[in-house]
>>> print(open('query-v1.txt').read())   # compact mmCIF, C-alpha atoms
# COMPACT_ATOMS: atom_id res chain seq x y z
CA MET A 854 -10.36 9.30 -9.05
CA LYS A 855 -10.26 5.85 -10.66
CA VAL A 856 -6.90 4.14 -10.01
CA TRP A 857 -5.66 0.89 -11.59
CA ILE A 858 -2.66 -0.72 -9.88
CA THR A 859 -0.48 -3.57 -11.07
CA GLY A 860 1.54 -5.52 -8.53
CA ALA A 861 -0.95 -5.23 -5.66
CA GLY A 862 0.15 -8.71 -4.61
CA GLY A 863 3.46 -7.21 -3.53
CA MET A 864 4.46 -5.13 -0.53
CA MET A 865 4.47 -1.73 -2.26
CA GLY A 866 1.34 -2.26 -4.30
CA SER A 867 -0.74 -3.60 -1.41
CA HIS A 868 0.16 -0.67 0.83
CA LEU A 869 -0.49 1.77 -2.02
CA ALA A 870 -3.93 0.28 -2.66
CA GLU A 871 -4.82 0.65 1.01
CA MET A 872 -3.56 4.24 1.09
CA LEU A 873 -5.60 5.22 -1.97
CA VAL A 874 -8.75 3.47 -0.76
CA ALA A 875 -8.40 5.30 2.57
CA GLY A 876 -8.15 8.52 0.55
CA GLY A 877 -11.54 7.87 -1.01
CA HIS A 878 -10.40 6.78 -4.47
CA ASP A 879 -11.99 4.07 -6.62
CA VAL A 880 -9.21 1.48 -6.76
CA ARG A 881 -8.91 -1.62 -8.96
CA ALA A 882 -5.83 -3.42 -7.61
CA THR A 883 -4.46 -6.26 -9.73
CA TYR A 884 -2.18 -9.08 -8.69
CA TYR A 885 -0.62 -12.26 -10.05
CA LYS A 886 1.39 -14.79 -8.02
CA PRO A 887 1.35 -12.59 -4.88
CA THR A 888 4.45 -12.39 -2.72
CA ILE A 889 2.48 -11.14 0.30
CA ASP A 890 0.16 -13.30 2.38
CA PRO A 891 -2.88 -13.75 0.09
CA LEU A 892 -5.11 -13.06 3.10
CA GLU A 893 -3.89 -9.45 2.97
CA LEU A 894 -5.64 -8.98 -0.39
CA HIS A 895 -9.04 -8.71 1.30
CA ARG A 896 -8.14 -5.17 2.40
CA PHE A 897 -9.08 -3.78 -1.05
CA GLU A 898 -10.75 -4.84 -4.29
CA ALA A 899 -8.19 -7.21 -5.81
CA VAL A 900 -8.47 -8.93 -9.19
CA GLU A 901 -6.08 -11.33 -10.88
CA VAL A 902 -4.37 -9.93 -13.99
CA ASP A 903 -1.31 -11.42 -15.70
CA ILE A 904 0.57 -8.47 -17.24
CA THR A 905 2.26 -10.79 -19.75
CA ASP A 906 -1.19 -11.72 -21.16
CA TRP A 907 -2.54 -9.10 -23.59
CA CYS A 908 -6.19 -10.09 -23.15
CA SER A 909 -5.93 -10.11 -19.35
CA VAL A 910 -4.51 -6.57 -19.27
CA TYR A 911 -6.66 -5.12 -22.03
CA ASP A 912 -9.92 -6.52 -20.68
CA SER A 913 -9.22 -5.22 -17.17
CA LEU A 914 -8.30 -1.74 -18.40
CA ALA A 915 -11.22 -1.57 -20.84
CA ALA A 916 -13.71 -2.55 -18.14
CA PHE A 917 -12.38 -0.07 -15.55
CA ARG A 918 -11.12 2.84 -17.71
CA PRO A 919 -8.84 4.38 -15.07
CA ASP A 920 -7.76 7.98 -14.69
CA VAL A 921 -4.44 6.89 -13.18
CA VAL A 922 -2.25 3.78 -13.40
CA PHE A 923 0.49 2.78 -10.98
CA HIS A 924 2.54 0.09 -12.71
CA LEU A 925 4.42 -1.75 -9.96
CA ALA A 926 4.18 -5.38 -11.13
CA ALA A 927 7.57 -6.99 -11.77
CA GLN A 928 9.88 -9.87 -11.07
CA SER A 929 11.59 -7.66 -8.54
CA TYR A 930 14.37 -9.74 -7.00
CA PRO A 931 17.90 -9.27 -8.39
CA THR A 932 19.05 -12.63 -7.01
CA ALA A 933 16.13 -14.43 -8.66
CA SER A 934 16.93 -12.72 -11.96
CA TRP A 935 20.23 -14.61 -12.14
CA GLU A 936 18.30 -17.88 -11.84
CA ARG A 937 15.37 -16.84 -14.07
CA PRO A 938 16.60 -14.19 -16.52
CA VAL A 939 14.08 -15.03 -19.27
CA GLU A 940 11.14 -14.81 -16.86
CA THR A 941 12.51 -11.51 -15.54
CA VAL A 942 12.66 -10.00 -19.02
CA MET A 943 9.25 -11.39 -19.98
CA VAL A 944 7.50 -9.96 -16.94
CA ASN A 945 9.37 -6.68 -16.65
CA VAL A 946 9.87 -5.73 -20.30
CA VAL A 947 7.16 -7.54 -22.27
CA GLY A 948 4.66 -7.01 -19.43
CA THR A 949 5.38 -3.28 -19.30
CA THR A 950 5.01 -3.00 -23.08
CA ILE A 951 1.61 -4.69 -22.88
CA VAL A 952 0.48 -2.32 -20.12
CA PHE A 953 1.54 0.76 -22.11
CA GLU A 954 0.06 -0.48 -25.35
CA ALA A 955 -3.27 -1.48 -23.80
CA LEU A 956 -3.48 1.83 -21.92
CA ARG A 957 -2.74 3.75 -25.15
CA ARG A 958 -5.70 2.09 -26.84
CA VAL A 959 -8.13 2.17 -23.93
CA ARG A 960 -7.37 5.41 -22.08
CA PRO A 961 -4.61 7.42 -23.81
CA ASP A 962 -5.09 10.45 -21.56
CA ALA A 963 -4.58 8.51 -18.31
CA ARG A 964 -1.56 9.26 -16.15
CA ILE A 965 0.85 6.41 -15.42
CA VAL A 966 3.57 6.17 -12.79
CA VAL A 967 6.07 3.39 -13.51
CA ALA A 968 8.26 1.70 -10.92
CA GLY A 969 11.87 1.92 -12.04
CA SER A 970 14.77 0.88 -9.83
CA SER A 971 18.10 2.02 -8.47
CA ALA A 972 19.40 -1.23 -10.00
CA GLU A 973 19.42 0.63 -13.32
CA TYR A 974 22.53 2.51 -12.20
CA GLY A 975 24.53 -0.65 -11.50
CA PHE A 976 28.21 -0.24 -10.72
CA VAL A 977 28.79 2.92 -8.70
CA ASP A 978 32.09 4.16 -7.34
CA PRO A 979 31.73 5.65 -3.84
CA SER A 980 33.02 8.95 -5.27
CA GLU A 981 29.88 9.16 -7.45
CA VAL A 982 27.29 9.10 -4.66
CA PRO A 983 24.71 10.29 -4.07
CA ILE A 984 23.67 9.29 -7.59
CA ARG A 985 21.70 11.74 -9.68
CA GLU A 986 19.24 10.86 -12.43
CA ARG A 987 21.55 11.91 -15.27
CA ARG A 988 24.14 9.32 -14.20
CA GLU A 989 24.97 6.68 -16.87
CA LEU A 990 23.04 3.41 -16.47
CA ARG A 991 25.34 0.37 -16.04
CA PRO A 992 23.19 -2.45 -14.59
CA LEU A 993 24.92 -5.47 -13.08
CA HIS A 994 22.24 -8.15 -13.27
CA PRO A 995 19.29 -9.18 -15.46
CA TYR A 996 16.84 -7.43 -13.14
CA GLY A 997 18.71 -4.13 -13.53
CA VAL A 998 18.80 -4.54 -17.31
CA SER A 999 15.04 -5.19 -17.39
CA LYS A 1000 14.37 -2.07 -15.36
CA VAL A 1001 16.44 0.07 -17.73
CA ALA A 1002 14.17 -1.19 -20.50
CA THR A 1003 11.09 -0.42 -18.41
CA ASP A 1004 12.35 3.11 -17.83
CA LEU A 1005 13.05 3.66 -21.52
CA LEU A 1006 9.63 2.31 -22.53
CA ALA A 1007 8.00 4.99 -20.38
CA TYR A 1008 10.13 7.64 -22.08
CA GLN A 1009 9.41 6.24 -25.56
CA TYR A 1010 5.64 6.15 -25.03
CA HIS A 1011 5.72 9.72 -23.78
CA GLN A 1012 7.72 10.89 -26.78
CA SER A 1013 5.80 8.82 -29.35
CA TYR A 1014 2.24 9.07 -28.06
CA ASP A 1015 2.32 11.90 -25.49
CA THR A 1016 1.57 9.39 -22.73
CA HIS A 1017 1.65 11.09 -19.33
CA ALA A 1018 4.31 8.72 -17.97
CA VAL A 1019 6.57 9.38 -14.99
CA VAL A 1020 9.25 6.96 -13.71
CA ALA A 1021 10.18 6.54 -10.06
CA ARG A 1022 13.66 5.05 -9.73
CA ILE A 1023 13.08 3.35 -6.42
CA PHE A 1024 15.98 2.70 -4.06
CA ASN A 1025 15.81 0.06 -1.33
CA CYS A 1026 12.29 0.14 0.11
CA THR A 1027 10.84 -2.07 2.82
CA GLY A 1028 8.09 -2.41 5.39
CA SER A 1029 5.59 -4.89 6.75
CA ARG A 1030 4.68 -7.69 4.28
CA LYS A 1031 8.04 -7.36 2.49
CA VAL A 1032 9.91 -10.56 1.70
CA GLY A 1033 13.12 -11.20 -0.16
CA ASP A 1034 15.22 -8.17 0.76
CA ALA A 1035 18.01 -8.17 3.34
CA LEU A 1036 16.27 -6.14 6.04
CA SER A 1037 13.00 -8.08 5.91
CA ASP A 1038 14.97 -11.35 5.95
CA PHE A 1039 16.93 -10.17 9.01
CA VAL A 1040 13.70 -9.36 10.85
CA ARG A 1041 11.95 -12.61 9.87
CA ARG A 1042 14.95 -14.74 10.85
CA CYS A 1043 15.30 -12.96 14.19
CA THR A 1044 11.58 -13.33 14.88
CA TRP A 1045 12.00 -17.07 14.22
CA LEU A 1046 14.98 -17.19 16.59
CA GLU A 1047 12.93 -15.48 19.31
CA ARG A 1048 10.76 -18.63 19.30
CA HIS A 1049 13.63 -21.13 18.91
CA PRO A 1050 16.23 -20.59 21.65
CA GLU A 1051 18.07 -23.75 20.62
CA GLN A 1052 19.38 -21.87 17.56
CA HIS A 1053 21.83 -18.99 17.79
CA THR A 1054 22.82 -17.90 14.26
CA VAL A 1055 21.17 -15.68 11.68
CA ARG A 1056 22.00 -16.31 8.01
CA VAL A 1057 23.32 -13.22 6.24
CA GLY A 1058 24.89 -12.22 2.94
CA ASN A 1059 27.39 -9.45 2.26
CA LEU A 1060 27.42 -7.11 5.28
CA THR A 1061 29.87 -4.57 3.84
CA THR A 1062 27.65 -3.17 1.08
CA ARG A 1063 25.89 0.10 1.86
CA ARG A 1064 22.22 0.81 1.21
CA THR A 1065 19.70 3.52 1.89
CA ILE A 1066 16.32 2.36 3.18
CA VAL A 1067 12.98 4.09 2.64
CA ASP A 1068 9.79 3.00 4.37
CA VAL A 1069 7.01 1.86 2.04
CA ARG A 1070 4.68 4.51 3.43
CA ASP A 1071 7.11 7.28 2.50
CA LEU A 1072 7.67 5.65 -0.88
CA ASN A 1073 3.97 5.53 -1.68
CA ARG A 1074 3.53 9.17 -0.71
CA ALA A 1075 6.21 9.93 -3.28
CA LEU A 1076 4.45 7.89 -5.98
CA ILE A 1077 1.19 9.76 -5.42
CA LEU A 1078 2.98 13.11 -5.48
CA LEU A 1079 4.71 12.15 -8.73
CA MET A 1080 1.36 11.23 -10.23
CA GLU A 1081 0.08 14.68 -9.32
CA GLN A 1082 3.15 16.85 -9.91
CA GLY A 1083 5.81 14.87 -11.77
CA GLU A 1084 6.93 16.01 -15.22
CA PRO A 1085 5.76 13.63 -17.98
CA GLY A 1086 8.68 11.80 -19.58
CA ALA A 1087 10.92 12.43 -16.56
CA ASP A 1088 12.44 10.07 -14.00
CA TYR A 1089 12.94 10.71 -10.29
CA ASN A 1090 15.03 9.00 -7.64
CA VAL A 1091 13.05 7.92 -4.57
CA GLY A 1092 14.99 6.65 -1.58
CA GLY A 1093 16.32 7.13 1.91
CA SER A 1094 18.69 9.86 3.00
CA THR A 1095 21.34 7.76 4.81
CA ALA A 1096 23.53 4.99 3.36
CA TYR A 1097 23.93 2.28 6.00
CA ALA A 1098 26.38 -0.61 5.90
CA MET A 1099 24.31 -3.81 5.94
CA GLY A 1100 26.18 -4.83 9.08
CA ASP A 1101 24.94 -1.68 10.81
CA ILE A 1102 21.37 -2.43 9.69
CA LEU A 1103 21.72 -5.94 11.14
CA ASP A 1104 22.93 -4.40 14.43
CA GLN A 1105 19.77 -2.26 14.58
CA VAL A 1106 17.63 -5.35 14.00
CA LEU A 1107 19.46 -7.33 16.69
CA ALA A 1108 18.96 -4.44 19.12
CA VAL A 1109 15.17 -4.80 18.75
CA CYS A 1110 15.24 -8.60 18.89
CA GLU A 1111 14.19 -10.11 22.23
CA ARG A 1112 17.42 -12.12 22.40
CA ASP A 1113 20.99 -10.89 22.88
CA ASP A 1114 22.91 -14.06 21.97
CA ILE A 1115 22.35 -14.17 18.20
CA VAL A 1116 25.40 -14.07 15.92
CA PRO A 1117 25.57 -13.67 12.12
CA ASN A 1118 26.63 -16.52 9.85
CA ILE A 1119 27.53 -15.69 6.24
CA ASP A 1120 25.69 -17.99 3.83
CA PRO A 1121 27.41 -18.28 0.40
CA ASN A 1122 23.99 -18.83 -1.18
CA LEU A 1123 23.06 -15.27 -0.23
CA LEU A 1124 26.03 -13.75 -2.08
CA ARG A 1125 25.47 -12.45 -5.64
CA PRO A 1126 27.89 -12.92 -8.56
CA THR A 1127 28.10 -9.12 -8.73
CA ASP A 1128 26.80 -6.68 -6.15
CA GLU A 1129 26.69 -2.89 -5.99
CA LYS A 1130 29.05 -1.67 -3.26
CA ILE A 1131 26.82 1.28 -2.47
CA ILE A 1132 23.31 2.29 -3.53
CA TYR A 1133 22.52 5.86 -2.54
CA GLY A 1134 20.45 8.25 -4.58
CA ASP A 1135 20.14 12.02 -4.66
CA CYS A 1136 16.40 12.74 -4.27
CA SER A 1137 16.64 16.52 -4.63
CA LYS A 1138 14.88 16.46 -8.01
CA LEU A 1139 11.87 14.75 -6.40
CA THR A 1140 11.91 17.21 -3.51
CA ALA A 1141 12.10 20.21 -5.83
CA ALA A 1142 9.15 18.94 -7.89
CA THR A 1143 6.87 17.79 -5.08
CA GLY A 1144 8.20 18.86 -1.69
CA TRP A 1145 8.61 15.21 -0.65
CA GLN A 1146 10.89 14.37 2.28
CA GLN A 1147 11.60 11.10 4.03
CA GLU A 1148 9.68 11.12 7.32
CA ILE A 1149 9.75 7.64 8.85
CA PRO A 1150 13.07 6.70 10.53
CA LEU A 1151 14.66 3.30 10.04
CA SER A 1152 14.11 2.47 13.72
CA GLN A 1153 10.34 2.86 13.28
CA THR A 1154 10.35 0.73 10.13
CA ILE A 1155 12.22 -2.07 11.92
CA ALA A 1156 9.91 -1.92 14.96
CA ASP A 1157 6.81 -2.09 12.75
CA MET A 1158 8.24 -5.02 10.79
CA PHE A 1159 8.89 -6.95 14.02
CA ASP A 1160 5.30 -6.27 15.12
CA TYR A 1161 4.04 -7.62 11.81
CA TRP A 1162 6.11 -10.82 11.72
CA ARG A 1163 5.55 -11.60 15.41
CA GLY A 1164 1.89 -12.01 14.50
CA LYS A 1165 2.66 -14.67 11.87
CA SER A 1166 3.06 -18.42 12.17
CA ASP A 1167 6.39 -20.24 12.18
CA LEU A 1168 5.72 -21.36 8.64
CA ALA A 1169 5.53 -17.74 7.43
CA LEU A 1170 8.87 -17.00 9.09
CA ILE A 1171 10.92 -19.64 7.28
CA VAL A 1172 13.41 -17.95 4.92
>>> encode(input="query-v1.txt", output="structure tokens")
Amino acid sequence: MKVWITGAGGMMGSHLAEMLVAGGHDVRATYYKPTIDPLELHRFEAVEVDITDWCSVYDSLAAFRPDVVFHLAAQSYPTASWERPVETVMVNVVGTTIVFEALRRVRPDARIVVAGSSAEYGFVDPSEVPIRERRELRPLHPYGVSKVATDLLAYQYHQSYDTHAVVARIFNCTGSRKVGDALSDFVRRCTWLERHPEQHTVRVGNLTTRRTIVDVRDLNRALILLMEQGEPGADYNVGGSTAYAMGDILDQVLAVCERDDIVPNIDPNLLRPTDEKIIYGDCSKLTAATGWQQEIPLSQTIADMFDYWRGKSDLALIV
């Protein structure tokens, strides 16, 4: 099977490319401004494609003519979307439109799985969780708004052109190579502190919010299953099965850290203007369609992330 991936310069896309290559597929993995260590890109065939550039996308698709597309490329950080809302909309909305339109012209019968986000749901009262897919979308930041548009573009192209498009509304996902989310930041900062005993505090944001966590390997299994078995035009929640307070997640990280004298210090710069109190999705629709279940426990994810970052230089650990 010929698979074209956008966003292979990110944590999810790079792991997905490796998984598909290991499965014997012909993979063309595209990246632009990678967030992972660029040295990791040697693990698969990686080519630079800017999804906001029509010619870049069209030429790559026309040359490869994939059977399947996984569209993961995005400006994916909610905090950054407050600082760069125009860039967020350009990459996530205009870029997605270009991908769909180029695919429609080059390979209209290809299947496409699109990365949506739990940020589409926005404000959620604890009485509403776990959130189901039919829940009203009320995003709280520019990133969430852009992902609602991404989701609706997939639906519109399915309805208008019969594009085989499936949306995965991805809840908090992490793993080795991840940067910019709370758990990966906790692990990186604690790995730094293991090497710098003169420092005793770890910078944190809001520790009262609650989040589910799914390992990237479980997430990518779900994406592949949705490509194979998902209903075109439908969207599916993909996430962990337990909603942890961020303070409890930090406690699990500190328990793995090789020091026992680290204390949290709330950094106002890590607090958002608005923040979802709880993000917890009902994944029963995904399970019913594909049989998917979360398999990797949070403790294993944290241990693997420590192993990864302990192999990096001090410079890579600075957050």
>>> closest_residue(input="query-v1.txt", among="A:Val1069, A:Thr1143, A:Phe1039, A:Asp1135", to="A:Ala1108", atoms="all atoms listed in the file")
A:Phe1039
>>> atom_distance(input="query-v1.txt", atom1="atom CA of A:Val1057", atom2="atom CA of A:Ile1119")
4.9 Å
>>> closest_residue(input="query-v1.txt", among="A:Asn1073, A:Thr1016, A:Gln1146, A:Ser1166", to="A:Ala870", atoms="all atoms listed in the file")
A:Asn1073
>>> residues_around(input="query-v1.txt", residues="A:Arg958", least_positions_apart="4", cutoff="9 Å", atoms="all atoms listed in the file", output="number ranges by chain")
A: 911, 915, 953-954
>>> closest_residue(input="query-v1.txt", among="A:Val967, A:Leu1006, A:Trp907, A:Asp978", to="A:Val946", atoms="all atoms listed in the file")
A:Leu1006
>>> closest_residue(input="query-v1.txt", among="A:Val1040, A:Val1106, A:Val880, A:Val939", to="A:Tyr1161", atoms="only C-alpha atoms")
A:Val1040
>>> closest_residue(input="query-v1.txt", among="A:Asn945, A:Trp1145, A:Arg960, A:Asp1034", to="A:Leu1076", atoms="all atoms listed in the file")
A:Trp1145
>>> atom_distance(input="query-v1.txt", atom1="atom CA of A:Val982", atom2="atom CA of A:Arg1063")
11.2 Å
>>> closest_residue(input="query-v1.txt", among="A:Phe976, A:Val1091, A:Ser970, A:Arg1163", to="A:Leu1046", atoms="all atoms listed in the file")
A:Arg1163
>>> residues_around(input="query-v1.txt", residues="A:Arg985", least_positions_apart="3", cutoff="10 Å", atoms="only C-alpha atoms", output="ChimeraX atom specification")
/A:974,981-982,988-989,1089-1090,1133-1138
>>> write_last_selection(input="query-v1.txt", atoms="C-alpha atoms", output="PDB file, in the frame of the given file")
ATOM      1  CA  TYR A 974      22.530   2.510 -12.200  1.00  0.00           C
ATOM      2  CA  GLU A 981      29.880   9.160  -7.450  1.00  0.00           C
ATOM      3  CA  VAL A 982      27.290   9.100  -4.660  1.00  0.00           C
ATOM      4  CA  ARG A 988      24.140   9.320 -14.200  1.00  0.00           C
ATOM      5  CA  GLU A 989      24.970   6.680 -16.870  1.00  0.00           C
ATOM      6  CA  TYR A1089      12.940  10.710 -10.290  1.00  0.00           C
ATOM      7  CA  ASN A1090      15.030   9.000  -7.640  1.00  0.00           C
ATOM      8  CA  TYR A1133      22.520   5.860  -2.540  1.00  0.00           C
ATOM      9  CA  GLY A1134      20.450   8.250  -4.580  1.00  0.00           C
ATOM     10  CA  ASP A1135      20.140  12.020  -4.660  1.00  0.00           C
ATOM     11  CA  CYS A1136      16.400  12.740  -4.270  1.00  0.00           C
ATOM     12  CA  SER A1137      16.640  16.520  -4.630  1.00  0.00           C
ATOM     13  CA  LYS A1138      14.880  16.460  -8.010  1.00  0.00           C
TER      14      LYS A1138
END
>>> atom_distance(input="query-v1.txt", atom1="atom CA of A:Pro891", atom2="atom CA of A:Leu1168")
14.3 Å
>>> closest_atom_pairs(input="query-v1.txt", of="stretch 877-963 of chain A", to="stretch 1002-1005 of chain A", cutoff="12 Å", atoms="only C-alpha atoms", output="Markdown table")
| residue | atom | partner | partner_atom | distance |
| --- | --- | --- | --- | --- |
| A:His924 | CA | A:Thr1003 | CA | 10.3 |
| A:Leu925 | CA | A:Thr1003 | CA | 10.8 |
| A:Ala926 | CA | A:Thr1003 | CA | 11.2 |
| A:Ala927 | CA | A:Thr1003 | CA | 10.0 |
| A:Thr941 | CA | A:Thr1003 | CA | 11.5 |
| A:Val942 | CA | A:Ala1002 | CA | 9.1 |
| A:Met943 | CA | A:Thr1003 | CA | 11.2 |
| A:Val944 | CA | A:Thr1003 | CA | 10.3 |
| A:Asn945 | CA | A:Thr1003 | CA | 6.7 |
| A:Val946 | CA | A:Thr1003 | CA | 5.8 |
| A:Val947 | CA | A:Thr1003 | CA | 9.0 |
| A:Gly948 | CA | A:Thr1003 | CA | 9.3 |
| A:Thr949 | CA | A:Thr1003 | CA | 6.4 |
| A:Thr950 | CA | A:Thr1003 | CA | 8.1 |
| A:Ile951 | CA | A:Thr1003 | CA | 11.3 |
| A:Val952 | CA | A:Thr1003 | CA | 10.9 |
| A:Phe953 | CA | A:Thr1003 | CA | 10.3 |
>>> axis_aligned_box(input="query-v1.txt", around="stretch 953-968 of chain A", padding_each_side="6 Å", output="AutoDock Vina command-line options")
--center_x 0.1 --center_y 4.5 --center_z -18.9 --size_x 28.4 --size_y 23.9 --size_z 27.9
>>> residues_around(input="query-v1.txt", residues="A:Asp1015", least_positions_apart="4", cutoff="10 Å", atoms="all atoms listed in the file", output="list in words")
Arg957, Pro961, Asp962, Tyr1008, Gln1009, Tyr1010, His1011, Pro1085 and Gly1086 of chain A
>>> residues_around(input="query-v1.txt", residues="A:Gln1105", least_positions_apart="3", cutoff="12 Å", atoms="only C-alpha atoms", output="list in words")
Leu1036, Phe1039, Val1040, Cys1043, Tyr1097, Ala1098, Met1099, Gly1100, Asp1101, Ile1102, Ala1108, Val1109, Cys1110, Pro1150, Leu1151, Ser1152, Gln1153, Thr1154, Ile1155, Ala1156 and Phe1159 of chain A
>>> residues_around(input="query-v1.txt", residues="A:Arg1074", least_positions_apart="3", cutoff="9 Å", atoms="all atoms listed in the file", output="PyMOL selection string")
chain A and resi 869+872+1069-1071+1077-1079+1145
>>> decode(input="query-v1.txt", residues="stretch 977-998 of chain A", atoms="C-alpha atoms", output="PDB file, in the first residue's frame")
ATOM      1  CA  VAL A 977     -16.955  21.035  29.046  1.00  0.00           C
ATOM      2  CA  ASP A 978     -18.798  20.793  32.335  1.00  0.00           C
ATOM      3  CA  PRO A 979     -17.659  17.800  34.408  1.00  0.00           C
ATOM      4  CA  SER A 980     -21.243  16.503  34.251  1.00  0.00           C
ATOM      5  CA  GLU A 981     -20.861  16.094  30.461  1.00  0.00           C
ATOM      6  CA  VAL A 982     -17.906  13.702  30.474  1.00  0.00           C
ATOM      7  CA  PRO A 983     -16.941  11.422  28.952  1.00  0.00           C
ATOM      8  CA  ILE A 984     -17.654  13.482  25.829  1.00  0.00           C
ATOM      9  CA  ARG A 985     -19.297  11.793  22.867  1.00  0.00           C
ATOM     10  CA  GLU A 986     -18.892  12.783  19.231  1.00  0.00           C
ATOM     11  CA  ARG A 987     -22.360  14.328  18.938  1.00  0.00           C
ATOM     12  CA  ARG A 988     -21.526  16.872  21.656  1.00  0.00           C
ATOM     13  CA  GLU A 989     -21.732  20.545  20.538  1.00  0.00           C
ATOM     14  CA  LEU A 990     -18.381  22.055  19.530  1.00  0.00           C
ATOM     15  CA  ARG A 991     -17.447  25.132  21.609  1.00  0.00           C
ATOM     16  CA  PRO A 992     -13.680  25.695  21.141  1.00  0.00           C
ATOM     17  CA  LEU A 993     -11.870  27.994  23.554  1.00  0.00           C
ATOM     18  CA  HIS A 994      -8.800  29.034  21.561  1.00  0.00           C
ATOM     19  CA  PRO A 995      -7.729  29.659  17.959  1.00  0.00           C
ATOM     20  CA  TYR A 996      -6.258  26.164  17.687  1.00  0.00           C
ATOM     21  CA  GLY A 997      -9.601  24.599  18.657  1.00  0.00           C
ATOM     22  CA  VAL A 998     -11.447  26.795  16.156  1.00  0.00           C
TER      23      VAL A 998
END
